[in-house]
Structure formats: C-alpha cells, structure tokens
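S.K.: My structure is in entry.cif, and what it holds is mmCIF, C-alpha atoms:
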```cif
data_protein
loop_
_atom_site.label_atom_id
_atom_site.label_comp_id
_atom_site.auth_asym_id
_atom_site.auth_seq_id
_atom_site.Cartn_x
_atom_site.Cartn_y
_atom_site.Cartn_z
CA MET T 39 -25.54 104.64 89.59
CA ASN T 40 -22.25 106.46 88.81
CA THR T 41 -22.17 110.19 88.04
CA MET T 42 -21.65 109.96 84.29
CA LYS T 43 -24.36 107.37 83.87
CA TYR T 44 -26.77 109.46 85.91
CA ARG T 45 -26.05 112.59 83.84
CA LEU T 46 -26.77 110.75 80.60
CA TYR T 47 -29.95 109.28 82.08
CA VAL T 48 -31.21 112.72 83.12
CA MET T 49 -30.34 114.24 79.75
CA ILE T 50 -32.16 111.62 77.71
CA THR T 51 -35.21 111.33 79.94
CA THR T 52 -35.56 115.11 79.95
CA LEU T 53 -35.46 115.13 76.16
CA PHE T 54 -37.65 112.16 75.39
CA MET T 55 -39.85 111.14 78.32
CA THR T 56 -42.13 114.04 77.52
CA LEU T 57 -44.28 114.34 74.44
CA ALA T 58 -45.03 115.01 70.95
CA VAL T 59 -46.86 117.66 69.09
CA THR T 60 -47.59 118.36 65.44
CA THR T 61 -50.10 120.32 63.40
CA ALA T 62 -53.65 119.80 64.65
CA VAL T 63 -56.17 117.75 62.71
CA ALA T 64 -58.47 120.07 60.84
CA ALA T 65 -61.75 119.27 62.61
CA ALA T 66 -63.73 122.30 63.75
CA PRO T 67 -63.72 122.80 67.56
CA ALA T 68 -66.93 121.96 69.37
CA GLN T 69 -68.91 124.77 71.01
CA THR T 70 -70.44 124.95 74.46
CA ALA T 71 -73.88 126.44 75.04
CA ALA T 72 -72.22 129.71 75.97
CA GLY T 73 -70.15 129.70 72.77
CA GLU T 74 -66.91 128.74 74.48
CA LYS T 75 -64.66 126.52 72.36
CA LYS T 76 -63.90 122.94 73.43
CA ALA T 77 -61.39 120.42 72.13
CA THR T 78 -62.24 116.77 71.73
CA VAL T 79 -59.10 114.62 71.78
CA VAL T 80 -58.42 110.89 71.64
CA PHE T 81 -56.43 109.43 74.55
CA SER T 82 -55.02 106.00 75.41
CA ILE T 83 -52.57 104.35 77.82
CA GLU T 84 -50.56 101.55 76.21
CA LYS T 85 -48.21 98.75 77.36
CA PHE T 86 -47.52 97.07 74.02
CA THR T 87 -43.74 96.87 74.60
CA ILE T 88 -44.25 94.33 77.38
CA GLY T 89 -47.21 92.56 75.77
CA GLN T 90 -49.87 93.85 78.18
CA GLY T 91 -52.10 95.71 75.71
CA TYR T 92 -54.08 98.75 76.83
CA LEU T 93 -54.49 100.14 80.33
CA VAL T 94 -56.98 102.63 78.85
CA LEU T 95 -58.51 101.92 75.44
CA PRO T 96 -58.70 104.78 72.91
CA ILE T 97 -61.41 107.13 74.22
CA GLN T 98 -62.69 110.60 73.39
CA VAL T 99 -62.01 113.25 76.03
CA GLU T 100 -63.48 116.75 75.93
CA MET T 101 -61.17 119.48 77.24
CA GLU T 102 -61.00 123.26 77.40
CA THR T 103 -58.97 124.66 74.51
CA ASP T 104 -56.36 126.05 76.93
CA ALA T 105 -55.83 122.61 78.52
CA SER T 106 -52.50 120.81 78.24
CA VAL T 107 -51.60 117.21 77.49
CA ALA T 108 -50.93 116.73 81.20
CA ASP T 109 -54.47 117.97 81.94
CA VAL T 110 -55.89 115.24 79.69
CA PHE T 111 -54.03 112.54 81.62
CA LEU T 112 -55.04 114.02 84.98
CA LYS T 113 -58.71 114.17 83.96
CA VAL T 114 -58.78 110.55 82.76
CA ALA T 115 -56.87 109.40 85.85
CA GLN T 116 -59.38 111.09 88.14
CA GLU T 117 -62.42 109.75 86.29
CA ARG T 118 -61.07 106.19 86.18
CA GLY T 119 -59.54 106.01 89.64
CA ILE T 120 -56.00 105.67 88.26
CA THR T 121 -53.33 106.44 90.86
CA TYR T 122 -49.81 107.45 89.93
CA LYS T 123 -46.52 109.01 91.05
CA SER T 124 -45.29 112.15 89.36
CA ASP T 125 -43.05 115.18 89.67
CA GLU T 126 -45.19 118.31 89.31
CA THR T 127 -43.76 121.82 89.56
CA ALA T 128 -44.74 125.22 88.23
CA TYR T 129 -42.90 124.35 85.01
CA THR T 130 -43.07 120.61 84.41
CA PHE T 131 -45.17 117.47 84.73
CA PHE T 132 -43.14 114.25 84.74
CA LEU T 133 -44.94 110.93 85.17
CA ARG T 134 -42.81 108.45 87.09
CA SER T 135 -45.14 105.48 87.49
CA ILE T 136 -48.76 104.31 87.42
CA TYR T 137 -49.91 102.12 90.29
CA HIS T 138 -51.62 98.77 89.61
CA ALA T 139 -50.65 99.02 85.92
CA ASP T 140 -48.41 95.93 85.77
CA THR T 141 -50.07 92.52 85.55
CA GLY T 142 -46.75 90.84 86.34
CA ILE T 143 -46.91 88.80 83.12
CA ILE T 144 -44.70 90.13 80.31
CA ASN T 145 -44.37 89.19 76.65
CA ILE T 146 -41.69 91.47 75.24
CA PRO T 147 -41.81 91.43 71.41
CA LYS T 148 -38.84 89.75 69.74
CA GLU T 149 -38.23 92.94 67.75
CA ILE T 150 -37.31 94.69 71.01
CA SER T 151 -35.27 91.79 72.41
CA GLN T 152 -33.22 91.80 69.20
CA MET T 153 -32.34 95.51 69.40
CA PRO T 154 -28.58 96.21 69.73
CA PRO T 155 -27.07 96.85 73.18
CA TYR T 156 -26.61 100.31 74.60
CA GLN T 157 -22.94 101.08 75.25
CA PHE T 158 -21.52 104.12 76.99
CA SER T 159 -17.93 105.03 77.82
CA PHE T 160 -16.94 107.59 80.43
CA GLY T 161 -13.22 106.73 80.66
CA SER T 162 -10.43 104.93 78.92
CA GLY T 163 -10.47 101.56 80.67
CA GLU T 164 -12.71 98.55 80.30
CA GLU T 165 -14.07 99.23 83.78
CA ASP T 166 -15.33 102.57 82.47
CA GLN T 167 -17.70 100.92 79.97
CA ILE T 168 -21.46 100.57 80.53
CA VAL T 169 -23.30 98.00 78.44
CA TYR T 170 -27.04 97.35 78.64
CA ASN T 171 -28.56 94.57 76.58
CA ALA T 172 -32.14 94.76 75.34
CA PRO T 173 -34.56 92.99 77.68
CA SER T 174 -36.27 89.71 76.86
CA ASN T 175 -38.85 87.55 78.61
CA GLU T 176 -36.03 85.40 79.97
CA LYS T 177 -33.50 88.14 80.77
CA ASN T 178 -34.68 91.45 82.20
CA GLU T 179 -34.23 93.52 85.34
CA GLY T 180 -37.65 92.68 86.76
CA ASN T 181 -40.07 95.18 88.22
CA HIS T 182 -39.16 96.28 91.73
CA LEU T 183 -41.83 98.96 92.07
CA GLU T 184 -44.44 98.42 94.78
CA GLU T 185 -48.24 98.13 94.49
CA GLY T 186 -48.06 96.70 90.96
CA ALA T 187 -46.71 100.01 89.68
CA LEU T 188 -45.25 100.33 86.20
CA GLY T 189 -42.81 103.11 85.36
CA GLU T 190 -39.16 104.14 85.71
CA SER T 191 -36.79 101.17 85.54
CA SER T 192 -39.55 98.56 85.30
CA TYR T 193 -37.91 95.57 83.59
CA HIS T 194 -35.02 97.75 82.32
CA THR T 195 -32.96 100.75 83.43
CA MET T 196 -34.08 102.71 80.34
CA ALA T 197 -37.79 102.09 80.91
CA GLY T 198 -40.44 104.76 81.56
CA TRP T 199 -43.67 106.41 80.40
CA MET T 200 -43.69 108.65 77.32
CA PHE T 201 -46.35 110.83 75.69
CA THR T 202 -46.83 111.38 71.97
CA VAL T 203 -49.23 113.69 70.18
CA ASN T 204 -50.32 112.91 66.62
CA ASN T 205 -47.59 110.28 66.24
CA GLU T 206 -44.77 112.79 66.78
CA SER T 207 -42.39 113.53 69.68
CA ILE T 208 -40.65 116.69 70.81
CA SER T 209 -38.77 117.52 74.01
CA GLU T 210 -41.35 119.58 75.89
CA SER T 211 -43.05 119.06 79.22
CA ALA T 212 -46.55 117.56 79.17
CA ASP T 213 -48.05 120.63 80.83
CA SER T 214 -46.58 123.03 78.26
CA VAL T 215 -48.19 121.49 75.16
CA PRO T 216 -51.78 122.72 74.60
CA VAL T 217 -54.32 120.32 73.15
CA LYS T 218 -56.17 120.96 69.90
CA ASP T 219 -59.37 119.49 68.59
CA GLY T 220 -58.68 116.13 66.94
CA ASP T 221 -55.34 115.45 68.67
CA VAL T 222 -54.44 111.82 69.34
CA ILE T 223 -52.56 111.63 72.63
CA ARG T 224 -50.90 108.34 73.52
CA LEU T 225 -49.23 107.59 76.85
CA GLN T 226 -46.94 104.66 76.07
CA PHE T 227 -44.62 102.54 78.19
CA SER T 228 -41.10 102.29 76.74
CA VAL T 229 -39.06 99.37 78.03
CA TYR T 230 -35.80 99.98 76.11
CA GLY T 231 -33.84 102.66 74.31
CA TYR T 232 -35.51 105.68 75.95
CA GLY T 233 -38.31 105.42 73.37
CA ALA T 234 -36.43 103.80 70.48
CA ASP T 235 -38.81 100.87 70.94
CA LEU T 236 -41.71 103.31 70.35
CA GLY T 237 -40.21 104.71 67.16
CA PHE T 238 -38.49 107.70 68.79
CA ASP T 239 -35.18 108.72 67.21
CA THR T 240 -32.68 108.50 70.10
CA GLU T 241 -29.79 107.08 68.07
CA GLU T 242 -27.71 110.26 68.35
CA TRP T 243 -27.52 109.77 72.13
CA THR T 244 -27.89 106.01 72.55
CA GLY T 245 -26.56 104.53 69.33
CA ILE T 246 -29.72 102.42 69.19
CA PRO T 247 -31.64 102.62 65.87
CA ARG T 248 -35.36 103.18 66.34
CA ILE T 249 -37.95 100.58 65.43
CA VAL T 250 -40.25 101.88 62.69
CA LEU T 251 -43.91 101.43 63.67
CA ALA T 252 -47.15 102.01 61.76
CA ASP T 253 -49.20 105.18 62.23
CA ARG T 254 -52.22 104.13 64.31
CA ASP T 255 -53.81 107.55 64.81
CA ALA T 256 -56.62 107.36 62.22
CA LEU T 257 -57.72 103.92 63.45
CA MET T 258 -57.57 105.10 67.06
CA ARG T 259 -59.85 108.05 66.24
CA GLU T 260 -62.39 105.72 64.62
CA VAL T 261 -62.25 103.24 67.52
CA ALA T 262 -62.71 106.02 70.08
CA ALA T 263 -65.72 107.35 68.14
CA THR T 264 -67.40 103.92 68.10
CA ASN T 265 -69.69 104.15 71.11
CA SER T 266 -71.39 101.26 72.90
CA ASP T 267 -74.72 101.92 71.17
CA MET T 268 -73.13 101.33 67.76
CA GLN T 269 -71.68 98.08 69.06
CA LYS T 270 -75.16 96.65 69.47
CA ASN T 271 -74.84 95.98 65.78
CA THR T 272 -73.06 92.66 65.21
CA GLU T 273 -70.98 93.84 62.24
CA ILE T 274 -69.78 96.98 64.01
CA LYS T 275 -68.93 95.05 67.17
CA LYS T 276 -66.86 92.54 65.19
CA ALA T 277 -65.06 95.28 63.22
CA TYR T 278 -64.44 97.17 66.48
CA GLU T 279 -62.97 94.12 68.22
CA ASP T 280 -60.87 93.29 65.15
CA ALA T 281 -59.55 96.87 65.15
CA LEU T 282 -58.56 96.60 68.82
CA SER T 283 -56.78 93.31 68.11
CA VAL T 284 -54.76 94.92 65.32
CA LEU T 285 -53.97 98.00 67.41
CA THR T 286 -52.46 95.89 70.19
CA ILE T 287 -50.07 94.09 67.79
CA TYR T 288 -46.71 95.71 68.57
CA GLN T 289 -45.40 95.83 64.99
CA ALA T 290 -48.61 95.66 63.00
CA SER T 291 -48.07 96.68 59.38
CA GLN T 292 -49.55 99.87 57.97
CA GLN T 293 -51.62 97.74 55.63
CA GLU T 294 -53.14 95.81 58.55
CA ILE T 295 -53.95 99.09 60.31
CA ASP T 296 -55.50 100.61 57.17
CA ASN T 297 -57.55 97.48 56.44
CA ALA T 298 -58.96 97.47 59.97
CA LEU T 299 -59.83 101.16 59.62
CA GLU T 300 -61.64 100.61 56.33
CA ALA T 301 -63.57 97.63 57.73
CA LEU T 302 -64.75 99.61 60.77
CA LYS T 303 -65.77 102.61 58.66
CA ASN T 304 -67.68 100.41 56.22
CA ALA T 305 -69.52 98.61 59.03
CA LYS T 306 -70.59 101.96 60.49
CA LYS T 307 -71.67 103.29 57.09
CA THR T 308 -73.82 100.21 56.49
CA TYR T 309 -75.38 100.55 59.94
CA GLN T 310 -76.04 104.26 59.40
CA ALA T 311 -77.74 103.53 56.05
CA MET T 312 -79.92 100.88 57.71
CA SER T 313 -80.80 103.26 60.53
CA GLU T 314 -81.88 105.96 58.08
CA THR T 315 -83.92 103.46 56.05
CA THR T 316 -85.80 102.20 59.10
CA LYS T 317 -85.93 105.71 60.59
CA LYS T 318 -84.32 104.59 63.82
CA PRO T 319 -81.85 107.31 64.75
CA GLN T 320 -78.75 106.34 66.66
CA GLU T 321 -78.48 107.39 70.27
CA THR T 322 -75.23 109.13 71.11
CA GLN T 323 -75.47 109.89 74.84
CA PRO T 324 -72.37 108.86 76.79
CA PRO T 325 -72.56 105.46 78.52
CA THR T 326 -73.32 105.47 82.26
CA THR T 327 -74.36 102.88 84.79
CA GLU T 328 -77.96 104.02 84.19
CA ASN T 329 -77.62 103.58 80.42
CA PRO T 330 -78.95 100.14 79.36
CA THR T 331 -75.89 99.68 77.13
CA TYR T 332 -73.85 99.17 80.30
CA PRO T 333 -74.68 96.84 83.21
CA SER T 334 -76.13 98.30 86.39
CA VAL T 335 -73.83 98.24 89.41
CA LYS T 336 -75.27 98.19 92.92
CA ARG T 337 -74.28 100.86 95.38
CA ALA T 338 -71.57 99.64 97.78
CA GLN T 339 -72.08 99.64 101.54
CA ILE T 340 -69.37 99.96 104.17
CA LYS T 341 -69.85 97.20 106.72
CA LYS T 342 -67.33 98.43 109.26
CA ILE T 343 -64.41 100.80 109.69
CA LYS T 344 -62.25 100.55 112.79
CA ASN T 345 -58.91 101.81 114.07
CA ILE T 346 -56.24 99.10 114.34
CA LYS T 347 -52.66 99.26 115.60
CA LYS T 348 -49.94 101.45 114.09
CA TYR T 349 -52.42 104.31 113.50
CA LYS T 350 -54.16 102.59 110.62
CA ALA T 351 -57.79 101.79 109.86
CA LYS T 352 -59.36 98.59 108.56
CA ILE T 353 -62.28 98.97 106.13
CA SER T 354 -64.78 96.20 105.41
CA VAL T 355 -67.53 96.32 102.78
CA LYS T 356 -70.59 94.17 102.26
CA LYS T 357 -70.40 91.59 99.49
CA ILE T 358 -72.08 92.43 96.18
CA THR T 359 -72.68 89.48 93.90
CA GLY T 360 -71.43 89.79 90.33
CA VAL T 361 -69.02 92.71 90.75
CA LYS T 362 -65.35 92.56 89.75
CA GLY T 363 -63.98 94.58 92.67
CA TYR T 364 -64.11 97.75 94.73
CA GLN T 365 -62.59 101.23 94.66
CA TYR T 366 -61.73 102.65 98.09
CA LYS T 367 -61.19 106.36 98.72
CA TYR T 368 -60.00 107.60 102.12
CA ALA T 369 -58.59 110.78 103.62
CA ASN T 370 -58.27 112.71 106.87
CA ASN T 371 -60.97 115.21 105.86
CA LYS T 372 -64.63 115.14 104.76
CA LYS T 373 -63.88 116.77 101.40
CA PHE T 374 -61.37 114.00 100.57
CA LYS T 375 -58.66 116.49 99.68
CA ASN T 376 -55.39 114.67 98.85
CA ALA T 377 -57.28 111.39 99.24
CA THR T 378 -55.77 107.97 98.68
CA VAL T 379 -57.54 105.79 96.08
CA LYS T 380 -57.14 102.03 95.93
CA ILE T 381 -58.70 99.48 93.55
CA THR T 382 -58.84 95.84 94.65
CA THR T 383 -60.96 92.74 94.32
CA LYS T 384 -60.92 92.31 98.11
CA ARG T 385 -63.72 93.40 100.45
CA THR T 386 -61.29 94.57 103.13
CA LEU T 387 -58.57 97.19 103.01
CA ILE T 388 -56.02 98.43 105.55
CA THR T 389 -55.17 102.11 105.11
CA LYS T 390 -51.82 103.80 105.25
CA LYS T 391 -50.64 105.31 108.55
CA PHE T 392 -52.57 108.31 109.93
CA LYS T 393 -51.57 110.72 112.67
CA LYS T 394 -52.89 110.24 116.19
CA LYS T 395 -56.27 111.95 116.83
CA GLN T 396 -56.99 112.34 113.11
CA ARG T 397 -60.20 110.92 111.64
CA CYS T 398 -60.20 108.52 108.73
CA TYR T 399 -63.06 109.25 106.30
CA VAL T 400 -63.95 106.53 103.79
CA LYS T 401 -66.23 105.93 100.83
CA VAL T 402 -66.36 102.90 98.52
CA ARG T 403 -67.88 102.00 95.18
CA ALA T 404 -68.10 98.69 93.32
CA TYR T 405 -67.27 98.11 89.67
CA VAL T 406 -67.76 95.59 86.89
CA GLU T 407 -65.89 95.25 83.59
CA SER T 408 -67.78 95.64 80.33
CA ASP T 409 -66.37 96.11 76.83
CA HIS T 410 -62.83 96.43 78.28
CA THR T 411 -64.06 99.28 80.52
CA LYS T 412 -64.55 99.60 84.26
CA VAL T 413 -68.16 100.59 85.02
CA TYR T 414 -68.61 101.98 88.54
CA GLY T 415 -71.64 102.10 90.78
CA LYS T 416 -72.48 105.01 93.08
CA TRP T 417 -70.27 105.90 96.05
CA SER T 418 -71.34 104.50 99.41
CA LYS T 419 -72.29 106.72 102.31
CA ILE T 420 -69.25 108.23 104.00
CA LYS T 421 -68.14 106.61 107.25
CA SER T 422 -65.30 107.55 109.57
CA THR T 423 -63.37 106.51 112.65
CA LYS T 424 -61.02 108.30 115.01
CA ILE T 425 -57.39 107.21 115.01
CA LYS T 426 -56.36 106.59 118.65
CA LYS T 427 -53.63 103.96 118.51
#
```
Let me see whether you can do it: turn the structure in this file into structure tokens.
M.R.:
Amino acid sequence: MNTMKYRLYVMITTLFMTLAVTTAVAAAPAQTAAGEKKATVVFSIEKFTIGQGYLVLPIQVEMETDASVADVFLKVAQERGITYKSDETAYTFFLRSIYHADTGIINIPKEISQMPPYQFSFGSGEEDQIVYNAPSNEKNEGNHLEEGALGESSYHTMAGWMFTVNNESISESADSVPVKDGDVIRLQFSVYGYGADLGFDTEEWTGIPRIVLADRDALMREVAATNSDMQKNTEIKKAYEDALSVLTIYQASQQEIDNALEALKNAKKTYQAMSETTKKPQETQPPTTENPTYPSVKRAQIKKIKNIKKYKAKISVKKITGVKGYQYKYANNKKFKNATVKITTKRTLITKKFKKKQRCYVKVRAYVESDHTKVYGKWSKIKSTKIKK
C-alpha cells in the first residue's frame, strides 16, 4: 500500500469506522433494587452487505448508564463466546475483525455491486491513479483472514466493521459514546465505500454516493422485546419470523419494514388480550437452559487433555448426542485470565503454543441452536496438563 493511499485509508476509517449517536429514545430508565439507574439497549451484529444475515439477532442488553457502546459489544461478546481482534487504548476502541463470523458463502446485493468505482489521484500521471471497483459475487478480493474471521479488507480493501446508534453515524470512538435507555446499537459489516453501502455519507472523501436504506430501529426494538415465551403463540411466532426475514433484506423498503412492525405489534396485542381474558399472565423471565422454553443441554465432560509436540495441548471431550458443537476455553492460569475461546463442532481441539513448564487449564461446554440462538450447557470440570515438550 503506497503512502498516499494509506493516509486516505487511515483518515476515512478514523472518521467512519466508529459509530453513531443521536438523541435518546424517551423511555424512562429502569431502576435497580438500590435505585441505581440502568439502560436497556437493543444490540445486533449484521452482515447484510455480503448476504450472511445476522451474527447476533436484535437482543435487549441491560447496561449501567455510564457504559459506552464499546461496553455493550464487549458484554455481548463475553456472554456469547464471540472472539475478536481489536485495538484498545486509553482513548479508543477499534474493532478489526470477529473470528468465526464468515461462513465463506457470499451474496453481495446487486445494489452494492452497481455502485460507482472509487478513484483517487496522488500525482499527475496515469500510474498515480488508484481505482477500486465495487465488489460482486464473481469479482472481489476474497477473505484472507484466518479462523473464519470477518473484518478489515474482507472481500474488499474498503471493508470493515462499523457501529451506528439510532440510525445515525458520527466520527467518535466506540468507548467515548455513552449508552442511553432505548438506544438501538448496530454493529454492521461494510464491504464497500467505507460505509456508503450502509447509508453513511462518505461522498466528500470517496466520491461514492451513499445507498439510502430504510430505518429499521423501531422494528428491531419490537423484535428484541419479543421473548421466547411470547413465541409459543403461533401468530406471534409467525409475525416474529416474518419481521426477521424483512430485516435481513438489504434494501427493504420503509413500507415493508413498517408493515412488519405493525403485524408484530398487532399479534402481541391480540395475545395480550387473550391472556388477560383467560387470566393467564405472561412470564417474562429471561430464557436459560433451565427454562422450558429452551432445550436442555447436557454438561460437557473432558475425556482427555495431554501435552503434544511444539508446546501445545490436545483436548478431547466425550460425545453428547444432539448438540451442535462445543465451546473450549483454555489458559495458563486457573482463573482463565486472558483465556482463549474457541467454538467448533469437533470433539477435539489443539491449543495454541504455550511456554515450557506452564500448565494448560481447560473447560468446555456444549451448545445447541434454538430460535437462531446458541444455548449453552454448564461448563465442564476444569482439567489441566503440564507443558513439557
């Protein structure tokens, strides 16, 4: 990458690969038992620009009122076993990539493929011209990141993760924007135009007009508030699934979004009226593996952990029928500080390299997928082995 190209890349990513903030929605903050204020926000991770839907469906997340947008992502990542690469300093949080986020199958919308090329001149000759064409399913730069990661330069030089808050974007770091009750925070993958494909206005720097997209926030709030107990009702479940289908359409019209919102609200109103008539109050406790609305997941058991060559360890777990896969967590200490987390369908895992004479501590849990959500069982007992070779 030449110097001028790099400078432009840094300038634009600094300005736009951050997030958005606007006036908070006027819902009253929740209160803790001690009277401390909390903020309930809606959060999602989206890959619509490459046709891969949601990595995390719209969910409600409760945060302290002094928490930042970066804190919301970090909390969800920890709870869901999402691993990532980032630059974190005392002043900024910059998300570079999310591991295991790319399925390897892309379906870039034609609206993106038809966007005009990005052209940049840093001299007077033809050799001093940079031209990048919009990516398509047939012509793109591929994804060279390891471990199925999705992030910077995946499928295009201009690609990367971007945050928005309440459908707006400003050039601030994710850890400098405080959350407010009712915020809708979306972490979205942009494949072209430094966010022009997400509706960000980057034309002044790139010359690429933005694609105008519908406002999804109200529908996302309603979807996130539709818990699994409500979805026992056939009409709500159908309206919920229809809403998700509309949300994942890259350039869904505002009318389609609004219709899906109205249908979901009406289904919930009808269900609420029926519940009141029959005097069967709705349960609102959060879903867990013990909650009958989610399937039960057996506790995983580590079959064996042994030191192999090159200062690594091999972990084997006992087979559990009916599970989708396993989440491995290992570190060189019992408290699992700075632990490595891996999610795989395999019952064996080889760790990264340890130092000689260190111990490798491991715990594993199984998971199933229900309602587009990973449901985890309990962690196994911790086992360890000494690294000798």
S.K.: Name the residues in contact with Lys362 of chain T at a cut-off of 10 Å, using all atoms listed in the file, excluding same-chain residues fewer than 2 positions from it; report them as a PDB file with C-alpha atoms, keeping the file's coordinate frame.
M.R.:
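File produced: around21.pdb:
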```pdb
ATOM      1  CA  ILE T 358     -72.080  92.430  96.180  1.00  0.00           C
ATOM      2  CA  THR T 359     -72.680  89.480  93.900  1.00  0.00           C
ATOM      3  CA  GLY T 360     -71.430  89.790  90.330  1.00  0.00           C
ATOM      4  CA  TYR T 364     -64.110  97.750  94.730  1.00  0.00           C
ATOM      5  CA  THR T 382     -58.840  95.840  94.650  1.00  0.00           C
ATOM      6  CA  THR T 383     -60.960  92.740  94.320  1.00  0.00           C
ATOM      7  CA  LYS T 384     -60.920  92.310  98.110  1.00  0.00           C
ATOM      8  CA  ALA T 404     -68.100  98.690  93.320  1.00  0.00           C
ATOM      9  CA  TYR T 405     -67.270  98.110  89.670  1.00  0.00           C
ATOM     10  CA  VAL T 406     -67.760  95.590  86.890  1.00  0.00           C
ATOM     11  CA  GLU T 407     -65.890  95.250  83.590  1.00  0.00           C
ATOM     12  CA  LYS T 412     -64.550  99.600  84.260  1.00  0.00           C
ATOM     13  CA  VAL T 413     -68.160 100.590  85.020  1.00  0.00           C
TER      14      VAL T 413
END
```
S.K.: Any idea what the distance is between atom CA of Lys424 of chain T and atom CA of Val355 of chain T?
M.R.: 18.3 Å
S.K.: Step by step, work through what the PyMOL selection byres ((chain T and resi 236-253) around 7) selects in the shown file, and finish by giving those residues as a PDB file with C-alpha atoms, in the frame of the given file.
M.R.:
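Ended up saving to part13.pdb:
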```pdb
ATOM      1  CA  PRO T 154     -28.580  96.210  69.730  1.00  0.00           C
ATOM      2  CA  TYR T 156     -26.610 100.310  74.600  1.00  0.00           C
ATOM      3  CA  ASN T 205     -47.590 110.280  66.240  1.00  0.00           C
ATOM      4  CA  SER T 228     -41.100 102.290  76.740  1.00  0.00           C
ATOM      5  CA  GLY T 231     -33.840 102.660  74.310  1.00  0.00           C
ATOM      6  CA  GLY T 233     -38.310 105.420  73.370  1.00  0.00           C
ATOM      7  CA  ALA T 234     -36.430 103.800  70.480  1.00  0.00           C
ATOM      8  CA  ASP T 235     -38.810 100.870  70.940  1.00  0.00           C
ATOM      9  CA  ARG T 254     -52.220 104.130  64.310  1.00  0.00           C
ATOM     10  CA  ASP T 255     -53.810 107.550  64.810  1.00  0.00           C
ATOM     11  CA  GLN T 289     -45.400  95.830  64.990  1.00  0.00           C
ATOM     12  CA  ALA T 290     -48.610  95.660  63.000  1.00  0.00           C
ATOM     13  CA  SER T 291     -48.070  96.680  59.380  1.00  0.00           C
ATOM     14  CA  GLN T 292     -49.550  99.870  57.970  1.00  0.00           C
TER      15      GLN T 292
END
```
S.K.: Measuring atom to atom with only C-alpha atoms, identify which of T:Thr286, T:Thr389, T:Thr423, T:Thr141 is nearest to Leu95 of chain T.
M.R.: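 Of T:Thr286, T:Thr389, T:Thr423, T:Thr141, the one nearest Leu95 of chain T, counting only C-alpha atoms, is T:Thr286.
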S.K.: Counting only C-alpha atoms, which of T:Trp199, T:Tyr366, T:Phe132, T:Tyr309 gets nearest to Val379 of chain T?
M.R.: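 Among T:Trp199, T:Tyr366, T:Phe132, T:Tyr309, it is T:Tyr366 that comes nearest to Val379 of chain T.
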S.K.: Restricting the calculation to all atoms listed in the file, which member of T:Asn265, T:Asn175, T:Thr272, T:Thr121 is positioned closest to His138 of chain T?
M.R.: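 The shortest atom-to-atom distance to His138 of chain T comes from T:Thr121.
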S.K.: Compare T:Thr103, T:Leu133, T:Phe374, T:Met312 by their minimum atom-to-atom distance to Pro216 of chain T, counting all atoms listed in the file, and give me the closest one.
M.R.: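 Answer, going by the shortest atom-to-atom distance: T:Thr103.
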S.K.: Name the residues captured by the PyMOL selection byres ((chain T and resi 368-370) around 12) when it is applied to the shown file; answer as a PyMOL selection string.
M.R.: chain T and resi 343+350-353+365-367+371-381+387-403+420-425
S.K.: Expanded to explicit residues, what is the PyMOL selection byres ((chain T and resi 178-194) around 7) for this file, as a list in words?
M.R.: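 Taken on the displayed file, the PyMOL selection byres ((chain T and resi 178-194) around 7) yields the residues Arg134, Ser135, Ile136, Tyr137, His138, Ala139, Asp140, Pro173, Ser174, Asn175, Glu176, Lys177, Thr195, Met196, Ala197, Gly198, Trp199, Val229 and Tyr230 of chain T.
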S.K.: Once 8 Å is added on each side, what are the centre and the three edge lengths, in Å to one decimal, of the axis-aligned box enclosing the listed atoms of segment 420-425 of chain T? Present them as lines of an AutoDock Vina configuration file.
M.R.:
```
center_x = -63.3
center_y = 107.4
center_z = 109.5
size_x = 27.9
size_y = 17.8
size_z = 27.0
```
S.K.: To one decimal place in Å, what is the distance between atom CA of Gly220 of chain T and atom CA of Gly89 of chain T?
M.R.: 27.7 Å
S.K.: Atom CA of Gln226 of chain T and atom CA of Asp104 of chain T, how far apart in Å?
M.R.: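 Taking atom CA of Asp104 of chain T and atom CA of Gln226 of chain T, their separation equals 23.4 Å.
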